[in-house]
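One file, data27.txt, is given below (compact mmCIF, C-alpha atoms).
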```txt
# COMPACT_ATOMS: atom_id res chain seq x y z
CA MET A 1 7.02 -22.99 31.35
CA ALA A 2 9.10 -19.99 30.36
CA LYS A 3 8.20 -18.26 27.17
CA LEU A 4 10.51 -18.62 24.23
CA TYR A 5 11.33 -15.29 22.75
CA SER A 6 13.69 -16.53 20.08
CA GLU A 7 12.71 -17.13 16.50
CA PRO A 8 13.89 -20.04 14.42
CA SER A 9 16.96 -19.20 12.39
CA ARG A 10 16.57 -18.01 8.82
CA ALA A 11 17.86 -21.31 7.47
CA GLU A 12 15.29 -23.26 9.49
CA ARG A 13 12.48 -21.07 8.26
CA VAL A 14 13.57 -21.51 4.65
CA ASN A 15 13.83 -25.25 5.04
CA LYS A 16 10.15 -25.60 5.76
CA ASN A 17 8.22 -27.24 2.99
CA LEU A 18 7.87 -24.25 0.71
CA VAL A 19 6.01 -24.51 -2.54
CA PRO A 20 4.00 -21.99 -4.50
CA LYS A 21 0.22 -22.17 -4.29
CA GLU A 22 -1.63 -24.47 -6.64
CA GLU A 23 -3.54 -21.44 -7.99
CA THR A 24 -0.30 -19.77 -9.01
CA ILE A 25 0.79 -22.83 -10.97
CA GLN A 26 -2.63 -23.13 -12.56
CA PHE A 27 -2.55 -19.45 -13.51
CA LEU A 28 0.82 -19.92 -15.21
CA LEU A 29 -0.37 -22.95 -17.15
CA ASP A 30 -3.52 -21.13 -18.24
CA TYR A 31 -1.49 -18.05 -19.16
CA SER A 32 0.81 -20.17 -21.25
CA LYS A 33 -2.13 -21.74 -23.07
CA ALA A 34 -3.68 -18.34 -23.73
CA LEU A 35 -0.52 -16.64 -24.94
CA SER A 36 0.34 -16.86 -28.55
CA VAL A 37 3.18 -15.08 -30.31
CA ILE A 38 2.52 -14.07 -33.85
CA ASP A 39 5.39 -13.57 -36.30
CA TYR A 40 4.91 -10.89 -38.88
CA ASN A 41 7.71 -9.52 -41.05
CA LYS A 42 10.40 -10.12 -38.42
CA LEU A 43 8.15 -8.57 -35.77
CA LYS A 44 6.72 -10.58 -32.92
CA PHE A 45 3.32 -9.77 -31.49
CA GLU A 46 1.98 -11.21 -28.28
CA ALA A 47 -1.69 -12.03 -28.07
CA LEU A 48 -3.58 -13.26 -25.02
CA LEU A 49 -6.54 -15.30 -26.16
CA ASN A 50 -9.10 -16.44 -23.66
CA MET B 1 21.87 -34.49 -12.58
CA LYS B 2 23.19 -34.92 -16.10
CA GLN B 3 20.03 -36.78 -17.06
CA SER B 4 17.84 -34.14 -15.40
CA THR B 5 19.42 -31.27 -17.36
CA SER B 6 19.15 -33.16 -20.62
CA CYS B 7 15.51 -33.89 -19.79
CA ASP B 8 15.02 -30.18 -19.16
CA ALA B 9 16.42 -29.42 -22.58
CA LEU B 10 14.03 -31.95 -24.10
CA LEU B 11 11.05 -30.52 -22.24
CA VAL B 12 11.99 -26.98 -23.22
CA SER B 13 12.21 -27.93 -26.87
CA ASP B 14 8.89 -29.84 -26.59
CA TYR B 15 7.28 -26.77 -25.07
CA MET B 16 8.68 -24.49 -27.76
CA ASN B 17 7.14 -26.86 -30.28
CA GLY B 18 3.73 -26.38 -28.72
CA ASN B 19 3.49 -29.11 -26.09
CA GLU B 20 1.91 -27.35 -23.11
CA ALA B 21 2.27 -30.40 -20.87
CA ALA B 22 6.04 -29.95 -21.03
CA LEU B 23 5.73 -26.62 -19.20
CA CYS B 24 3.68 -28.28 -16.46
CA GLU B 25 6.44 -30.85 -16.05
CA LEU B 26 9.15 -28.17 -15.95
CA ILE B 27 7.30 -26.16 -13.31
CA THR B 28 6.52 -29.21 -11.20
CA ARG B 29 10.11 -30.27 -11.36
CA HIS B 30 11.65 -26.97 -10.29
CA LYS B 31 8.95 -25.08 -8.42
CA GLU B 32 10.15 -25.96 -4.95
CA ARG B 33 13.74 -25.00 -5.55
CA ILE B 34 12.92 -21.73 -7.27
CA PHE B 35 10.28 -20.78 -4.74
CA ARG B 36 12.58 -21.56 -1.84
CA PHE B 37 15.32 -19.48 -3.44
CA ILE B 38 12.99 -16.49 -3.77
CA TYR B 39 11.61 -16.93 -0.26
CA SER B 40 15.13 -17.10 1.18
CA LYS B 41 15.67 -13.56 -0.12
CA VAL B 42 12.35 -11.85 0.58
CA TYR B 43 11.00 -13.75 3.64
CA ASP B 44 7.42 -13.03 2.70
CA LYS B 45 5.27 -15.77 1.24
CA ASP B 46 2.98 -13.46 -0.72
CA VAL B 47 5.86 -11.51 -2.22
CA ALA B 48 7.64 -14.78 -3.05
CA GLU B 49 4.47 -15.98 -4.72
CA ASP B 50 4.31 -12.81 -6.86
CA ILE B 51 7.95 -13.01 -7.87
CA PHE B 52 7.61 -16.71 -8.66
CA GLN B 53 4.69 -15.93 -10.93
CA ASP B 54 6.49 -13.05 -12.66
CA THR B 55 9.54 -15.25 -13.16
CA PHE B 56 7.57 -17.88 -15.04
CA ILE B 57 5.66 -15.29 -17.03
CA LYS B 58 9.05 -14.11 -18.32
CA VAL B 59 10.11 -17.70 -18.97
CA ILE B 60 6.90 -18.43 -20.89
CA LYS B 61 7.18 -15.25 -22.98
CA THR B 62 10.82 -15.87 -23.85
CA LEU B 63 10.22 -19.49 -24.79
CA LYS B 64 7.14 -18.70 -26.86
CA ARG B 65 9.01 -15.99 -28.73
CA GLY B 66 11.71 -18.53 -29.49
CA ALA B 67 14.27 -16.23 -27.90
CA TYR B 68 15.69 -18.86 -25.56
CA ASN B 69 19.03 -20.29 -26.50
CA GLU B 70 19.27 -23.81 -25.17
CA GLU B 71 22.63 -24.51 -23.61
CA GLY B 72 21.52 -27.09 -21.12
CA LYS B 73 21.12 -24.44 -18.46
CA PHE B 74 17.40 -24.09 -18.01
CA LEU B 75 17.38 -23.99 -14.19
CA PRO B 76 20.29 -21.51 -13.81
CA TRP B 77 18.58 -19.30 -16.38
CA VAL B 78 15.28 -19.33 -14.47
CA MET B 79 17.14 -18.70 -11.21
CA ARG B 80 18.84 -15.68 -12.80
CA ILE B 81 15.46 -14.26 -13.82
CA ALA B 82 14.13 -14.82 -10.30
CA HIS B 83 17.25 -13.20 -8.83
CA ASN B 84 16.82 -10.11 -11.02
CA LEU B 85 13.17 -9.82 -10.06
CA VAL B 86 14.09 -10.06 -6.37
CA ILE B 87 16.52 -7.16 -6.88
CA ASP B 88 13.79 -5.18 -8.67
CA HIS B 89 11.49 -5.86 -5.73
CA PHE B 90 13.97 -4.47 -3.19
CA ARG B 91 14.74 -1.45 -5.37
CA LYS B 92 11.05 -0.68 -5.59
CA ASN B 93 10.65 -1.09 -1.84
CA ASN B 94 13.57 1.23 -1.13
CA ARG B 95 11.88 3.93 -3.11
CA MET B 96 8.62 3.26 -1.37
CA PRO B 97 9.26 1.77 2.09
CA LYS B 98 6.54 -0.50 3.38
CA PHE B 99 5.33 -0.48 6.97
CA GLU B 100 3.97 -3.65 8.40
CA ASN B 101 1.68 -3.55 11.39
CA LYS B 102 3.04 -5.58 14.26
CA ASP B 103 1.28 -6.45 17.51
CA ASP B 104 2.95 -3.65 19.44
CA PHE B 105 2.86 -0.99 16.76
CA ASN B 106 0.19 0.02 14.34
CA ILE B 107 1.00 2.65 11.74
CA PHE B 108 -2.58 3.91 11.88
CA SER B 109 -2.07 4.96 15.49
CA VAL B 110 0.25 7.73 14.24
CA LEU B 111 -1.37 8.38 10.90
CA SER B 112 -4.89 9.65 10.82
CA ASP B 113 -7.33 10.70 8.23
CA GLY B 114 -7.62 14.48 8.47
CA SER B 115 -11.07 14.67 7.00
CA LEU B 116 -14.05 14.33 9.29
CA ASN B 117 -16.24 11.30 9.19
CA ALA B 118 -20.01 11.64 9.01
CA GLU B 119 -20.46 11.59 12.79
CA LYS B 120 -17.73 14.17 13.44
CA ALA B 121 -19.06 16.42 10.68
CA LEU B 122 -22.49 16.34 12.36
CA ILE B 123 -20.98 17.18 15.76
CA LYS B 124 -18.99 20.03 14.20
CA ASP B 125 -22.16 21.50 12.69
CA GLN B 126 -23.93 21.15 16.03
CA VAL B 127 -21.11 22.86 17.94
CA GLU B 128 -20.98 25.71 15.45
CA SER B 129 -24.71 26.31 15.61
CA ASP B 130 -24.58 26.21 19.46
CA VAL B 131 -21.84 28.83 19.46
CA ARG B 132 -23.87 31.02 17.09
CA ARG B 133 -26.87 30.81 19.42
CA LEU B 134 -24.73 31.72 22.41
CA ILE B 135 -23.31 34.71 20.57
CA GLU B 136 -26.85 35.90 19.84
CA GLU B 137 -27.37 36.17 23.62
CA LEU B 138 -24.50 38.65 24.05
CA PRO B 139 -25.10 42.40 24.43
CA GLU B 140 -25.20 44.10 21.04
CA ASP B 141 -21.88 46.00 21.32
CA GLN B 142 -19.95 42.87 22.37
CA LYS B 143 -21.62 40.72 19.74
CA GLU B 144 -20.74 43.23 17.03
CA VAL B 145 -17.01 43.22 17.90
CA LEU B 146 -16.86 39.44 18.26
CA MET B 147 -18.59 38.85 14.91
CA MET B 148 -16.23 41.22 13.14
CA ARG B 149 -13.16 39.69 14.76
CA MET B 150 -13.99 35.97 14.54
CA TYR B 151 -16.23 35.63 11.50
CA LYS B 152 -15.07 38.51 9.32
CA GLU B 153 -11.45 38.22 10.51
CA MET B 154 -11.05 41.96 10.82
CA SER B 155 -8.21 43.54 12.80
CA PHE B 156 -9.03 45.57 15.92
CA LYS B 157 -7.90 48.67 14.02
CA GLU B 158 -10.48 48.01 11.31
CA ILE B 159 -13.13 47.23 13.93
CA SER B 160 -12.45 50.49 15.74
CA GLU B 161 -12.71 52.42 12.47
CA GLN B 162 -15.95 50.75 11.49
CA THR B 163 -17.68 50.99 14.87
CA GLY B 164 -16.33 54.44 15.72
CA VAL B 165 -14.82 53.42 19.06
CA SER B 166 -11.18 53.34 20.13
CA ILE B 167 -9.06 50.21 19.70
CA ASN B 168 -8.94 49.80 23.48
CA THR B 169 -12.72 49.84 23.71
CA ALA B 170 -12.97 47.29 20.93
CA LEU B 171 -10.42 45.09 22.75
CA GLY B 172 -12.36 45.48 26.00
CA ARG B 173 -15.66 44.50 24.30
CA MET B 174 -14.02 41.44 22.82
CA ARG B 175 -12.66 40.48 26.22
CA TYR B 176 -16.05 40.82 27.90
CA ALA B 177 -17.72 38.96 25.06
CA LEU B 178 -15.43 35.95 25.66
CA ILE B 179 -15.85 36.16 29.46
CA ASN B 180 -19.64 36.23 29.09
CA LEU B 181 -19.62 33.33 26.65
CA ARG B 182 -17.53 31.24 29.07
CA LYS B 183 -19.91 32.10 31.90
CA VAL B 184 -22.94 30.94 29.95
CA ILE B 185 -21.15 27.77 28.81
CA GLU B 186 -20.13 26.87 32.38
CA LYS B 187 -23.51 27.76 33.84
CA HIS B 188 -25.41 25.52 31.44
CA ASN B 189 -22.74 22.82 31.24
CA ILE B 190 -22.59 23.11 27.47
CA ILE B 191 -20.06 20.84 25.84
CA LEU B 192 -18.48 22.37 22.79
CA THR B 193 -15.92 19.81 21.72
CA ASN B 194 -15.68 17.50 18.77
```
Mind turning this structure into structure tokens?
Amino acid sequence: MAKLYSEPSRAERVNKNLVPKEETIQFLLDYSKALSVIDYNKLKFEALLN
Amino acid sequence: MKQSTSCDALLVSDYMNGNEAALCELITRHKERIFRFIYSKVYDKDVAEDIFQDTFIKVIKTLKRGAYNEEGKFLPWVMRIAHNLVIDHFRKNNRMPKFENKDDFNIFSVLSDGSLNAEKALIKDQVESDVRRLIEELPEDQKEVLMMRMYKEMSFKEISEQTGVSINTALGRMRYALINLRKVIEKHNIILTN
């Protein structure tokens, strides 16, 4: 069997089932829970609370 | 589609009002499309993962600050953020090009660490001490010239002044010193390489 030296086209590669890792999603959800924005005299402060 | 965008608007407003579950729903709903969009530009899963994460960090910050203006365009807005981050990524890479090791080429085959590792440092010390011992075996006049030339880095003019011989004699002594060293090295099969 001859070797195939060609690669799938860009479109084919992109069409694979591509989703971000579960850890990335979990990180974002945790980050969102930890982040709080505090309003003080028209200023906004970000605080990351664990 | 109409219903989906209106649902997005609802979820966004829920999230801005403190409902964390709404963010989970928004991400689940759009993650594939956004991730695929980023991947289609960068063609690297890890980079796409990073940009995806940075995109949503921006989204979260903007929503929590209440700086998002809902116009029923949540997805296009997120896509625009992702697009800008992709551009930032390529700008950064242009300033600092990245080499990837492929099967047929490894960057470390052309780049090397100039400093000696522990083994090479030991060998270097050994070679230097062997050379010193060989020099000790030379006749005194040859040894004197060689030491001045190689270890004190003196010119032949300075050597001739210090030893009181002519430059030609100093040159001749140096020549014989090297010939004698080579003879001893060959005779005893001494290996002096690192």
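Closest approach to Gly72 in chain B among B:Ile167, B:Leu10, B:Leu138, B:Met148 is made by B:Leu10 (distances from all atoms listed in the file).
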For this session: Specify as a count of residues only all residues of chain B found within 9 Å of chain A, counting all atoms listed in the file.
Result: 28
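Note that CA of Thr163 in chain B and CA of Glu144 in chain B are 8.6 Å apart.
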Box in all listed atoms of range 25-36 of chain A, axis-aligned, with 4 Å more on each side; write out centre and edge lengths in Å to one decimal as JSON.
```
{"center_x": -1.4, "center_y": -19.9, "center_z": -19.8, "size_x": 12.5, "size_y": 14.5, "size_z": 25.6}
```
Seminar exercise, completed: re CA of Asn93 in chain B and CA of Lys58 in chain B: distance 21.1 Å
For this session: Could you jot down the CA of Asp141 in chain B to CA of Arg182 in chain B separation for me, Å, one decimal place?
Result: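 According to the coordinates, CA of Asp141 in chain B and CA of Arg182 in chain B are separated by 17.2 Å.
In terms of minimum interatomic distance to Ser13 in chain B, B:Glu71 ranks closest within B:His30, B:Ile107, B:Glu71, B:Val86, counting all atoms listed in the file.
Near Val131 in chain B, within 12 Å and counting all atoms listed in the file, sit Lys124, Asp125, Gln126, Val127, Ile135, Glu136, Glu137, Leu138, Lys143, Leu146, Met147, Met150, Tyr151, Leu178, Leu181, Arg182, Val184, Ile185, Ile190, Ile191, Leu192 and Thr193 of chain B; same-chain residues fewer than 4 positions away were not included.
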Problem set entry | Near-Val165 in chain B list (12 Å; only C-alpha atoms; drop same-chain fewer than 5 positions) as a VMD selection string | chain B and resid 141 144 to 145 156 to 160 170 to 173
